[in-house]
Each structure stands twice: as structure tokens, then as C-alpha cells.
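Listing of structure.cif; format and content: mmCIF, C-alpha atoms and all ligand atoms.
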```
data_model
loop_
_atom_site.label_atom_id
_atom_site.label_comp_id
_atom_site.auth_asym_id
_atom_site.auth_seq_id
_atom_site.Cartn_x
_atom_site.Cartn_y
_atom_site.Cartn_z
CA MET A 13 49.67 59.22 62.27
CA ALA A 14 52.94 58.93 60.45
CA GLY A 15 52.80 58.84 56.65
CA ARG A 16 53.32 55.62 54.77
CA PRO A 17 56.96 54.70 54.70
CA ASP A 18 58.69 55.21 51.42
CA GLU A 19 58.37 52.30 49.04
CA GLY A 20 61.94 52.62 47.88
CA GLU A 21 63.21 52.32 44.35
CA PRO A 22 61.21 50.26 41.88
CA GLY A 23 62.53 46.75 42.01
CA ALA A 24 63.93 47.18 45.52
CA LEU A 25 63.73 43.98 47.52
CA SER A 26 60.87 43.90 49.95
CA PRO A 27 61.21 41.79 53.11
CA CYS A 28 59.19 39.08 51.37
CA HIS A 29 61.97 38.63 48.89
CA GLY A 30 64.86 38.90 51.32
CA PRO A 31 67.29 36.04 50.91
CA ALA A 32 67.17 35.17 54.61
CA PHE A 33 63.44 34.73 54.74
CA VAL A 34 62.50 31.21 55.75
CA LEU A 35 59.06 29.74 55.51
CA PRO A 36 58.41 28.08 58.84
CA HIS A 37 56.22 25.44 57.23
CA GLY A 38 58.72 24.77 54.51
CA LYS A 39 57.55 24.42 50.97
CA ILE A 40 53.89 23.78 50.42
CA GLU A 41 53.29 21.08 47.91
CA LEU A 42 50.34 21.70 45.68
CA GLY A 43 48.92 18.24 45.51
CA PRO A 44 46.83 17.20 42.55
CA ALA A 45 43.86 16.77 44.87
CA MET A 46 41.34 19.58 45.08
CA PRO A 47 40.64 20.81 48.57
CA HIS A 48 37.55 19.32 50.13
CA LYS A 49 34.42 21.30 49.40
CA VAL A 50 32.71 23.01 52.31
CA PHE A 51 29.22 24.27 51.52
CA LEU A 52 26.05 25.57 53.05
CA THR A 53 23.06 23.28 52.64
CA ARG A 54 20.61 25.49 54.45
CA LEU A 55 20.48 29.11 55.56
CA LYS A 56 17.82 30.61 57.82
CA LEU A 57 17.68 34.23 58.86
CA THR A 58 15.42 35.77 61.45
CA ASP A 59 15.12 39.54 61.85
CA PHE A 60 18.37 40.04 59.97
CA ARG A 61 18.48 43.49 58.29
CA ASN A 62 15.60 43.56 55.80
CA TYR A 63 14.84 39.83 56.22
CA ALA A 64 12.06 39.14 58.72
CA ALA A 65 12.33 35.43 58.03
CA LEU A 66 14.18 33.63 55.28
CA ALA A 67 14.84 29.94 54.71
CA LEU A 68 16.95 28.78 51.80
CA ASP A 69 17.89 25.27 50.77
CA LEU A 70 21.23 25.16 49.03
CA ASP A 71 23.54 22.51 47.64
CA ALA A 72 27.16 22.26 46.58
CA ARG A 73 26.67 24.66 43.66
CA HIS A 74 27.72 28.29 43.73
CA VAL A 75 24.96 30.73 44.53
CA VAL A 76 24.24 33.72 42.30
CA LEU A 77 22.06 36.39 43.85
CA THR A 78 20.64 39.03 41.58
CA GLY A 79 18.21 41.83 42.23
CA GLU A 80 17.84 45.59 42.30
CA ASN A 81 19.78 47.91 44.54
CA GLY A 82 18.54 47.75 48.09
CA ALA A 83 16.95 44.32 47.58
CA GLY A 84 19.03 42.62 50.28
CA LYS A 85 21.88 40.94 48.39
CA THR A 86 24.70 42.35 50.49
CA ASN A 87 22.63 41.72 53.61
CA LEU A 88 22.54 38.04 52.72
CA MET A 89 26.30 38.00 52.20
CA GLU A 90 26.73 39.74 55.53
CA ALA A 91 24.66 37.03 57.20
CA ILE A 92 26.98 34.36 55.78
CA SER A 93 30.02 36.36 56.91
CA PHE A 94 28.73 35.90 60.47
CA LEU A 95 29.69 32.25 60.07
CA SER A 96 33.25 33.44 60.71
CA PRO A 97 34.56 35.20 63.84
CA GLY A 98 34.23 38.96 64.03
CA ARG A 99 31.58 41.50 63.17
CA GLY A 100 31.01 40.43 59.60
CA LEU A 101 31.77 42.01 56.27
CA ARG A 102 30.26 45.38 57.15
CA ARG A 103 31.84 45.44 60.61
CA ALA A 104 28.52 46.78 61.77
CA ALA A 105 27.28 47.30 65.29
CA TYR A 106 25.04 44.34 66.12
CA ALA A 107 22.21 46.68 67.01
CA ASP A 108 22.15 47.86 63.37
CA VAL A 109 22.05 44.31 62.05
CA ALA A 110 18.82 43.40 63.81
CA ARG A 111 15.84 44.23 61.63
CA VAL A 112 14.30 47.58 62.41
CA GLY A 113 11.31 46.82 64.59
CA ALA A 114 12.57 43.38 65.66
CA SER A 115 11.83 42.68 69.29
CA ASP A 116 14.77 40.45 70.11
CA GLY A 117 17.98 40.80 68.09
CA PHE A 118 18.82 38.78 64.99
CA SER A 119 19.70 35.19 64.32
CA VAL A 120 21.48 33.31 61.56
CA PHE A 121 21.24 29.56 61.26
CA ALA A 122 23.21 27.49 58.78
CA ALA A 123 23.55 23.82 58.06
CA VAL A 124 27.03 23.30 56.65
CA ASP A 125 28.84 20.39 55.11
CA GLY A 126 31.90 21.50 57.02
CA MET A 127 35.55 20.72 57.63
CA GLU A 128 34.68 18.17 60.27
CA GLY A 129 31.53 16.90 58.57
CA PRO A 130 27.97 18.19 58.77
CA VAL A 131 27.40 20.86 61.39
CA GLU A 132 24.54 23.12 62.40
CA ILE A 133 25.56 26.62 63.29
CA GLY A 134 23.38 29.12 65.07
CA THR A 135 24.55 32.62 65.84
CA GLY A 136 23.07 36.01 66.64
CA THR A 137 22.08 38.39 69.34
CA ALA A 138 18.58 37.03 69.94
CA GLY A 139 18.22 36.32 73.65
CA THR A 140 21.33 38.27 74.65
CA GLU A 141 20.96 41.14 77.03
CA GLU A 142 22.06 44.27 75.31
CA GLY A 143 22.97 42.99 71.86
CA GLN A 144 26.67 43.81 72.34
CA SER A 145 27.95 40.36 71.58
CA ARG A 146 26.67 37.44 69.60
CA ARG A 147 26.23 33.90 70.74
CA LEU A 148 27.23 30.79 68.92
CA ARG A 149 25.75 27.32 69.05
CA LEU A 150 27.30 24.37 67.28
CA ASN A 151 24.93 21.44 66.84
CA GLY A 152 22.76 23.02 69.50
CA THR A 153 25.50 23.28 72.11
CA PRO A 154 26.74 26.71 73.20
CA ALA A 155 30.31 27.32 72.03
CA ARG A 156 32.87 28.96 74.28
CA THR A 157 33.88 31.57 71.70
CA VAL A 158 32.98 32.43 68.12
CA ASP A 159 36.52 31.37 67.18
CA GLU A 160 35.22 27.79 67.20
CA LEU A 161 33.61 28.58 63.85
CA THR A 162 37.00 28.22 62.19
CA ASP A 163 36.99 24.50 63.01
CA HIS A 164 34.11 24.10 60.56
CA LEU A 165 34.51 26.61 57.77
CA ARG A 166 36.51 29.61 56.58
CA VAL A 167 34.71 32.49 54.96
CA LEU A 168 36.51 35.05 52.79
CA TRP A 169 34.98 38.03 51.04
CA LEU A 170 35.46 40.78 48.57
CA THR A 171 33.06 43.71 48.65
CA PRO A 172 32.88 47.10 46.93
CA ALA A 173 33.68 48.68 50.30
CA MET A 174 37.18 47.22 49.93
CA ASP A 175 37.82 49.10 46.67
CA GLY A 176 39.69 51.85 48.48
CA LEU A 177 41.99 49.41 50.25
CA PHE A 178 45.18 50.52 48.50
CA THR A 179 44.60 54.24 48.78
CA GLY A 180 42.76 54.42 52.10
CA PRO A 181 44.06 54.52 55.67
CA SER A 182 46.65 51.99 56.78
CA ALA A 183 44.23 50.72 59.45
CA ASP A 184 42.09 49.25 56.65
CA ARG A 185 45.05 47.40 55.16
CA ARG A 186 46.06 46.15 58.59
CA ARG A 187 42.58 44.82 59.18
CA PHE A 188 42.60 43.17 55.76
CA LEU A 189 46.00 41.65 56.52
CA ASP A 190 44.85 40.40 59.91
CA ARG A 191 41.81 38.77 58.37
CA LEU A 192 44.11 36.98 55.93
CA VAL A 193 46.22 35.75 58.85
CA LEU A 194 43.19 34.81 60.90
CA SER A 195 41.85 32.52 58.23
CA LEU A 196 45.03 30.45 58.52
CA ASP A 197 45.83 30.99 62.17
CA PRO A 198 42.74 31.39 64.35
CA GLU A 199 44.95 32.27 67.35
CA HIS A 200 45.89 35.53 65.69
CA GLY A 201 42.69 37.24 66.79
CA ARG A 202 43.24 36.39 70.43
CA ARG A 203 46.80 37.67 70.32
CA ALA A 204 45.69 40.89 68.67
CA SER A 205 43.00 41.59 71.24
CA GLU A 206 45.32 40.76 74.14
CA PHE A 207 47.93 43.06 72.65
CA ASP A 208 45.35 45.84 72.37
CA ARG A 209 44.29 45.36 75.96
CA ALA A 210 47.90 45.46 77.19
CA MET A 211 48.64 48.53 75.08
CA ARG A 212 45.64 50.36 76.49
CA SER A 213 46.83 49.52 80.02
CA ARG A 214 50.27 50.90 79.18
CA ASN A 215 48.78 54.09 77.73
CA ARG A 216 46.67 54.60 80.84
CA LEU A 217 49.62 53.91 83.11
CA LEU A 218 51.86 56.34 81.23
CA ALA A 219 49.25 59.04 81.76
CA GLU A 220 49.64 58.70 85.53
CA PHE A 221 51.86 61.08 87.47
CA ARG A 222 54.34 58.44 88.59
CA PRO A 223 53.59 55.09 86.98
CA ASP A 224 54.64 51.98 88.89
CA PRO A 225 57.80 50.90 87.00
CA ALA A 226 57.43 47.20 87.82
CA TRP A 227 53.88 47.15 86.52
CA LEU A 228 54.86 49.09 83.41
CA SER A 229 57.71 46.66 82.69
CA ALA A 230 55.42 43.67 83.12
CA ILE A 231 52.92 45.12 80.66
CA GLU A 232 55.66 45.99 78.19
CA ARG A 233 57.03 42.46 78.35
CA GLU A 234 53.60 41.10 77.61
CA MET A 235 53.26 43.52 74.69
CA ALA A 236 56.67 42.49 73.37
CA GLY A 237 55.74 38.80 73.32
CA LEU A 238 52.34 39.34 71.74
CA GLY A 239 53.48 42.07 69.36
CA VAL A 240 56.33 40.03 67.94
CA SER A 241 54.19 36.93 67.50
CA MET A 242 51.60 39.03 65.66
CA ALA A 243 54.28 40.43 63.39
CA LEU A 244 55.71 36.97 62.74
CA ALA A 245 52.29 35.48 61.98
CA ARG A 246 51.65 38.27 59.47
CA GLN A 247 55.06 37.80 57.91
CA GLU A 248 54.62 34.07 57.71
CA MET A 249 51.28 34.42 55.94
CA LEU A 250 52.76 36.92 53.47
CA GLY A 251 55.64 34.54 52.82
CA LEU A 252 53.28 31.67 52.07
CA LEU A 253 51.10 33.82 49.87
CA THR A 254 54.13 35.15 48.02
CA ALA A 255 55.42 31.61 47.43
CA LEU A 256 52.03 30.60 46.09
CA VAL A 257 51.77 33.61 43.80
CA GLU A 258 55.29 32.99 42.49
CA ARG A 259 54.51 29.37 41.68
CA SER A 260 51.17 30.08 40.05
CA GLN A 261 51.19 30.83 36.38
CA SER A 262 49.17 33.98 36.02
CA ASP A 263 47.31 34.06 32.71
CA GLY A 264 47.22 37.82 33.06
CA THR A 265 43.49 38.07 33.70
CA PHE A 266 44.09 39.19 37.24
CA PRO A 267 47.47 40.68 38.07
CA SER A 268 49.44 39.32 40.97
CA ALA A 269 50.53 41.34 43.94
CA SER A 270 53.84 41.57 45.79
CA LEU A 271 53.23 42.05 49.46
CA SER A 272 55.45 43.28 52.21
CA LEU A 273 55.19 44.86 55.63
CA ALA A 274 56.54 48.19 56.75
CA GLY A 275 56.36 50.26 59.87
CA PHE A 276 57.27 47.83 62.64
CA LEU A 277 60.42 45.73 63.10
CA ASP A 278 60.94 45.81 59.35
CA GLU A 279 64.23 43.97 59.58
CA PHE A 280 62.75 40.98 61.37
CA HIS A 281 63.35 38.44 58.65
CA VAL A 282 67.00 38.44 59.63
CA VAL A 283 66.62 38.42 63.41
CA PRO A 284 65.57 35.49 65.62
CA ALA A 285 62.23 35.94 67.35
CA TYR A 286 63.72 36.13 70.82
CA ASP A 287 65.98 39.03 69.81
CA LEU A 288 63.01 40.75 68.25
CA GLU A 289 61.17 40.62 71.54
CA GLU A 290 64.13 42.15 73.33
CA ARG A 291 64.38 44.78 70.64
CA TYR A 292 60.71 45.71 70.86
CA LEU A 293 60.88 45.73 74.65
CA ALA A 294 63.78 48.18 74.49
CA MET A 295 61.84 50.35 72.03
CA LEU A 296 58.93 50.49 74.44
CA GLN A 297 61.13 51.32 77.41
CA GLU A 298 63.00 54.01 75.54
CA GLY A 299 59.77 55.41 74.14
CA ARG A 300 58.01 55.89 77.46
CA SER A 301 58.27 59.67 77.80
CA ARG A 302 57.60 60.21 74.10
CA ASP A 303 54.53 57.93 74.28
CA ALA A 304 53.36 59.58 77.51
CA ALA A 305 53.49 62.95 75.74
CA ALA A 306 51.71 61.57 72.68
CA GLY A 307 49.09 59.85 74.82
CA ARG A 308 49.56 56.61 72.88
CA THR A 309 52.09 53.94 71.99
CA LEU A 310 53.96 54.90 68.84
CA ASP A 311 55.78 51.63 68.16
CA GLY A 312 54.13 48.30 67.62
CA PRO A 313 52.27 45.93 65.32
CA HIS A 314 49.40 48.42 65.32
CA ARG A 315 51.64 50.67 63.19
CA SER A 316 52.49 48.11 60.49
CA ASP A 317 51.30 48.77 57.00
CA LEU A 318 50.74 46.26 54.23
CA MET A 319 52.65 47.40 51.16
CA ILE A 320 51.13 46.12 47.94
CA ARG A 321 52.69 46.30 44.50
CA HIS A 322 51.37 45.32 41.11
CA ARG A 323 53.89 42.61 40.36
CA GLU A 324 53.81 42.59 36.56
CA LYS A 325 53.94 46.38 36.29
CA ASP A 326 56.24 46.69 39.28
CA MET A 327 54.24 49.61 40.58
CA GLU A 328 52.73 50.55 43.93
CA ALA A 329 49.08 49.51 43.99
CA GLU A 330 48.04 52.94 45.17
CA ARG A 331 49.34 54.42 41.91
CA CYS A 332 47.55 51.92 39.68
CA SER A 333 44.31 52.80 37.91
CA THR A 334 41.00 52.06 39.60
CA GLY A 335 40.42 49.15 37.23
CA GLU A 336 43.88 47.75 37.85
CA GLN A 337 43.35 48.07 41.58
CA LYS A 338 40.10 46.13 41.39
CA ALA A 339 41.74 43.41 39.31
CA LEU A 340 44.67 43.30 41.73
CA LEU A 341 42.32 42.93 44.67
CA VAL A 342 40.41 40.12 42.95
CA GLY A 343 43.73 38.36 42.25
CA LEU A 344 44.83 38.80 45.84
CA VAL A 345 41.62 37.41 47.30
CA LEU A 346 41.66 34.46 44.90
CA ALA A 347 45.30 33.70 45.77
CA HIS A 348 44.47 33.85 49.45
CA ALA A 349 41.48 31.56 48.97
CA ARG A 350 43.76 29.08 47.25
CA LEU A 351 46.27 29.30 50.05
CA VAL A 352 43.57 28.58 52.63
CA GLY A 353 42.45 25.60 50.57
CA ASP A 354 46.02 24.30 50.29
CA MET A 355 46.86 24.81 53.94
CA THR A 356 43.68 23.46 55.49
CA GLY A 357 42.68 20.96 52.83
CA HIS A 358 39.26 22.61 52.74
CA ALA A 359 38.22 25.28 50.29
CA PRO A 360 36.88 28.44 51.93
CA ILE A 361 33.41 29.84 51.26
CA LEU A 362 33.85 32.90 49.06
CA LEU A 363 31.57 35.92 49.17
CA LEU A 364 32.02 38.07 46.08
CA ASP A 365 29.73 41.07 46.30
CA GLU A 366 29.03 43.03 43.09
CA ILE A 367 31.85 41.14 41.53
CA ALA A 368 30.80 41.21 37.88
CA ALA A 369 30.09 44.92 37.66
CA HIS A 370 33.49 46.17 36.54
CA LEU A 371 34.63 43.22 34.47
CA ASP A 372 34.17 42.70 30.77
CA GLU A 373 32.71 39.47 29.40
CA GLY A 374 36.10 37.76 28.95
CA ARG A 375 37.31 38.59 32.43
CA ARG A 376 34.02 37.54 33.96
CA ARG A 377 34.28 34.17 32.27
CA ALA A 378 37.88 33.84 33.47
CA LEU A 379 36.87 34.82 36.99
CA PHE A 380 34.13 32.20 37.15
CA GLY A 381 36.62 29.60 35.95
CA LEU A 382 39.13 30.60 38.62
CA VAL A 383 36.49 30.68 41.35
CA ASP A 384 35.24 27.28 40.33
CA GLY A 385 38.80 25.97 40.24
CA LEU A 386 39.23 26.81 43.92
CA GLY A 387 36.94 23.91 44.67
CA GLY A 388 34.70 25.73 47.15
CA GLN A 389 31.25 27.25 47.21
CA ALA A 390 31.05 30.87 46.17
CA PHE A 391 28.23 33.37 46.63
CA MET A 392 28.14 36.10 44.02
CA THR A 393 25.87 39.09 43.62
CA GLY A 394 24.97 41.48 40.86
CA THR A 395 22.08 43.45 39.49
CA ASP A 396 21.95 41.62 36.18
CA LYS A 397 21.53 37.87 35.95
CA SER A 398 22.86 37.74 32.39
CA MET A 399 26.32 38.74 33.64
CA PHE A 400 26.58 35.34 35.30
CA SER A 401 25.41 33.21 32.40
CA ALA A 402 28.89 31.69 31.95
CA ILE A 403 28.45 29.94 35.31
CA GLY A 404 25.70 27.84 33.77
CA ASP A 405 24.67 24.78 35.73
CA ARG A 406 27.53 25.24 38.22
CA GLY A 407 25.37 27.87 39.92
CA LEU A 408 22.06 28.12 41.71
CA PHE A 409 20.45 31.33 40.47
CA LEU A 410 18.29 33.19 42.96
CA THR A 411 16.46 36.48 42.72
CA VAL A 412 16.37 38.84 45.67
CA ALA A 413 13.62 41.44 46.02
CA ASN A 414 12.56 43.30 49.13
CA GLY A 415 14.05 40.90 51.63
CA ARG A 416 12.65 37.85 49.85
CA VAL A 417 14.51 35.30 47.79
CA SER A 418 13.03 33.22 45.01
CA GLY A 419 14.39 30.69 42.58
N1 LIG B 1 18.50 46.74 60.38
C1 LIG B 1 17.77 46.83 59.25
N2 LIG B 1 16.44 46.60 59.30
C2 LIG B 1 15.69 46.70 58.17
N3 LIG B 1 16.18 46.99 56.96
C3 LIG B 1 17.49 47.22 56.88
C4 LIG B 1 18.36 47.15 58.02
N4 LIG B 1 19.60 47.43 57.62
C5 LIG B 1 19.54 47.66 56.30
N5 LIG B 1 18.28 47.54 55.84
C6 LIG B 1 17.80 47.70 54.48
O1 LIG B 1 18.42 46.78 53.62
C7 LIG B 1 18.47 47.33 52.31
C8 LIG B 1 19.86 47.22 51.73
O2 LIG B 1 20.11 45.93 51.48
P1 LIG B 1 21.44 45.50 50.75
O3 LIG B 1 21.61 44.07 51.05
O4 LIG B 1 22.54 46.40 51.06
O5 LIG B 1 20.99 45.73 49.24
P2 LIG B 1 21.70 45.25 47.92
O6 LIG B 1 20.76 44.23 47.33
O7 LIG B 1 21.76 46.48 47.07
O8 LIG B 1 23.02 44.70 48.26
C9 LIG B 1 18.13 48.78 52.43
O9 LIG B 1 16.84 48.99 51.91
C10 LIG B 1 18.17 49.04 53.91
O10 LIG B 1 17.25 50.02 54.29
MG MG B 2 24.87 45.46 47.81
#
```
How does the structure come out when it is put into C-alpha cells?
Ligand SMILES: Nc1ncnc2c1ncn2[C@@H]1O[C@H](COP(=O)(O)OP(=O)(O)O)[C@@H](O)[C@H]1O
Ligand SMILES: [Mg+2]
Amino acid sequence: MAGRPDEGEPGALSPCHGPAFVLPHGKIELGPAMPHKVFLTRLKLTDFRNYAALALDLDARHVVLTGENGAGKTNLMEAISFLSPGRGLRRAAYADVARVGASDGFSVFAAVDGMEGPVEIGTGTAGTEEGQSRRLRLNGTPARTVDELTDHLRVLWLTPAMDGLFTGPSADRRRFLDRLVLSLDPEHGRRASEFDRAMRSRNRLLAEFRPDPAWLSAIEREMAGLGVSMALARQEMLGLLTALVERSQSDGTFPSASLSLAGFLDEFHVVPAYDLEERYLAMLQEGRSRDAAAGRTLDGPHRSDLMIRHREKDMEAERCSTGEQKALLVGLVLAHARLVGDMTGHAPILLLDEIAAHLDEGRRRALFGLVDGLGGQAFMTGTDKSMFSAIGDRGLFLTVANGRVSG
């Protein structure tokens, strides 16, 4: 793995701020109207982690889950994260999600007041053969792919596992970035997996003694098309998020982030998409013997890194203090949630795991105000109920103990 590219001088223009950058959707107008509220009205879990069977009736209020460590709070959040495509907030193997001792996988059922009206969502591995994939039913009818979930709700989360985002491996930031994109552009996931498949074919082909040049070229052309559209989708999302952050008046509670991409076609904000494809194609062709020797493809969207700076301090996020990093991450997730609300007209469901732990009273109060201002339903966890008292009657307070939930 190459190291992270140099950030440049403080104050250097990132691609997000380049004068030639154009937002494809033009300016987003922040209308006075709040986004429509999407919320869970019922949640049922069967053989999910430490829940043998759970049924919860919910309403439009936020949900505060408190209980001791190991009670099952994060498990419940994880179950809700399965109402979005992918492997959920722990990115766990499905076999680990099914309750130990369960005979037939896990299932999650939710009734949602969704983006297209009320919908019943059922998902899980129960009834599947080897528990490798999960099935989805919408109003009782099997869905073609789990991507269809994004027609009904968007789920965003912030968990303690993300605390190392700024200092950890670039793959984590890429995944974070791609989840941000996916929540606005559900096609992004398909493009990414098709790109991966094509890249694996190319790597296998390059390992052969004399690879078929026509086949190799065809695969590289496919990679060029997919790779450039992935890069553009990421750049577009960053541009929209940047525009939103710049327009929002930060009260300083949570710092704002400047975001940019580095590591793949960094100059692309000045080059038309078609030229980018040709450029990437040429990089692949020229890189064949190098990539064959390396045993992998060294250029592509799988090498991009998300560069994050603390905007007010004008400092790389990775050099900020742990507390500043947490605050920056909270600000970033809140800004993204707002963007999703603005772009889709529907506020996303927010999962904020252990959110209150590192914030003082004033910041907690500010956070609850900001979360509430997003107009969606949020699920928040903590060990101590009193930390959430500022939410008052805007929240449904539930206690979790030993895989059981009580009011
Ligand atoms: N597949 C599983 N089957 C049964 N219990 C599980 C499974 N996976 C995790 N657990 C249990 O769930 C508990 C952790 O729950 P978690 O939601 O992370 O707690 P917390 O309330 O601290 O967030 C642990 O006791 C763990 O052993
Ligand atoms: Mg937890």
C-alpha cells in the first residue's frame, strides 16, 4: 500500500475548492420545509444476536436505548442498519448475526412510515440455504435486491468503531465515503461491485503466461467506465456536502470538515468525463507489466483516499485531538444527514451509538437540538439515561437488559 498522499501546505486548495468544480445538480436550495419524517412504527427481531424474540412498538419520536454494557443496545442498532443495503453497521458475517443456538438464521421485521408511504420490511437469513446472503421482502413480496430498501428509507450511523476513521487505514475512509455516496446514489454500490469483479478478472488474466490482449482490453475498458463514474459520484457527493457545510452557519459546537479526494485521477475536476475514461484506460494499459508483477491493479478508484481537514482550525483531521476528531465526525455525519434530507426530501433514520459518552452537558444539549432539527427519527444509546434528559418528551426512553427491552 502506498502511503497517504501529502496534504500540501495548510490552506492549499483541495479539489473541492477548485474554481472549475461544477456541481452537476446546480445549487441546492434549502427550502423552509423540513424533510418528510420517515420512522419505524414497529420492529420485530427473531434470533438476532442476543435477542431470541423482540417486538417493539414505536412512533415518530426518537428512541433512547439505555442499559449496561453487553445488554444488546448496539445489537438493536445493528438490526435497524439491516434496513439499508449491505452487511450492517458491524459489517459482520451473517452467520455471526444469528443468535447462538438459533436453528434457522435471523430475521428482522420493521413497519416503516417510509418515503413512499407505509411499508413492511422483512429481511434476514432465515430460510436461506447457507446464510451467505440475506433476503428481503417488501410488503410480503420478495424484492429483487436489497438495494430496493433505499426506495423506502435511508439509514445513517455513527458508532464508536468509527472513532479511528481519520487515523486508520484508507480502506475504512473509502468505505465511509462510499456509504455517503450510496445514501444519495443507490447505483453506486452496483458500480463498485462490478468494478471489483472486473478488476479481479484483470488481475487473474495478468497472472497468466500470455493473456489474451483483446479480452484484457475489453475488461480494462469496462473498468475505465465504471471507475470514472465511481470517482465522479464520490466527487459530486463531496461537492454537495462541501456546499452545504459552507452555507451552514456552524455555531462551533461541532466543527465542520473540508473534504477532498486524493490518490486517483486527482485532477478530474478540470477534465471532461470522457477524457478521464481515456486517461484511466491508458493508465491501465501502461501499467500492465507493473500490475502483473505486483499481482494487483495499482491504479483505480480502489486507491482513492478521503482527505479530511478540520475547517476552522485548518488542520488535517488525523492530527487533531481525539475529542476534536469525535466532534468532527459528529459534525460530518450530521451534515451528511442534512444533505440526504435536502436531496431526497426525506430525513434519514440516524443511529447514534454511544453518542453521549464523550460530550459535556452543553454539547449534548446542542447535539440533541441538531439531531431533532434534521426532522428524522434518531436512535441513540448510552449507559446512563440521565445523559439524555434534555431530549425530554421528544424521545421514547427504553431500557435494554439481557436481550430484552422495556419501557
Ligand atoms: N450471535 C449472537 N448470539 C447470541 N448473543 C450474541 C451474539 N452476538 C453477540 N451476542 C451478545 O450480545 C452482547 C453484546 O451486545 P451489544 O449490543 O454489543 O451490547 P451493548 O448494549 O453494550 O451495545 C454480548 O453479550 C454478546 O455476547
Ligand atoms: Mg454497544
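Distance-wise, atom CA of Ser93 of chain A and atom CA of Leu410 of chain A end up 18.5 Å apart.
Comparing the minimum interatomic distances between Asp208 of chain A and each of A:Val158, A:Gly312, A:Met174, A:Val257, counting all atoms listed in the file, we find that A:Gly312 sits nearest.
Those protein and nucleic acid residues that have any atom within 10 Å of ligand MG 2 (chain B) are, using all atoms listed in the file, Thr78, Gly79, Glu80, Asn81, Gly82, Ala83, Gly84, Lys85, Thr86, Asn87, Leu88, Met89, Glu90, Thr171, Pro172, Ala173, Asp365, Glu366, Thr393, Gly394 and Thr395 of chain A.
Comparing the minimum interatomic distances between Asp396 of chain A and each of A:Leu318, A:Val76, A:Val352, A:Ala236, counting all atoms listed in the file, we find that A:Val76 sits nearest.
Nearest residue to ligand LIG 1 (chain B), choosing from A:Leu310, A:Leu57, A:Ala123, A:Val412 and counting only C-alpha atoms and all ligand atoms: A:Val412.
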I'd like the neighbourhood of segment 374-378 of chain A as number ranges by chain, where a residue qualifies if any of its atoms comes within 8 Å (using all atoms listed in the file), though same-chain residues fewer than 2 positions away should be ignored.
A: 265, 368, 371-372, 380-382, 399-400, 402-403
Counting only C-alpha atoms and all ligand atoms, the residue among A:Leu217, A:Leu170, A:Leu196, A:Leu77 that lies closest to ligand LIG 1 (chain B) is A:Leu77
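Distances from A:Pro97, A:Gly180, A:Leu351, A:Leu252 to Glu199 of chain A were compared using all atoms listed in the file, and the smallest one belongs to A:Pro97.
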The residue from A:Val417, A:Leu340, A:Ile320, A:Leu408 with the smallest atom-to-atom distance to Leu66 of chain A, counting all atoms listed in the file, is A:Val417
Here atom CA of Ser145 of chain A and atom CA of Tyr106 of chain A stand apart by 7.4 Å
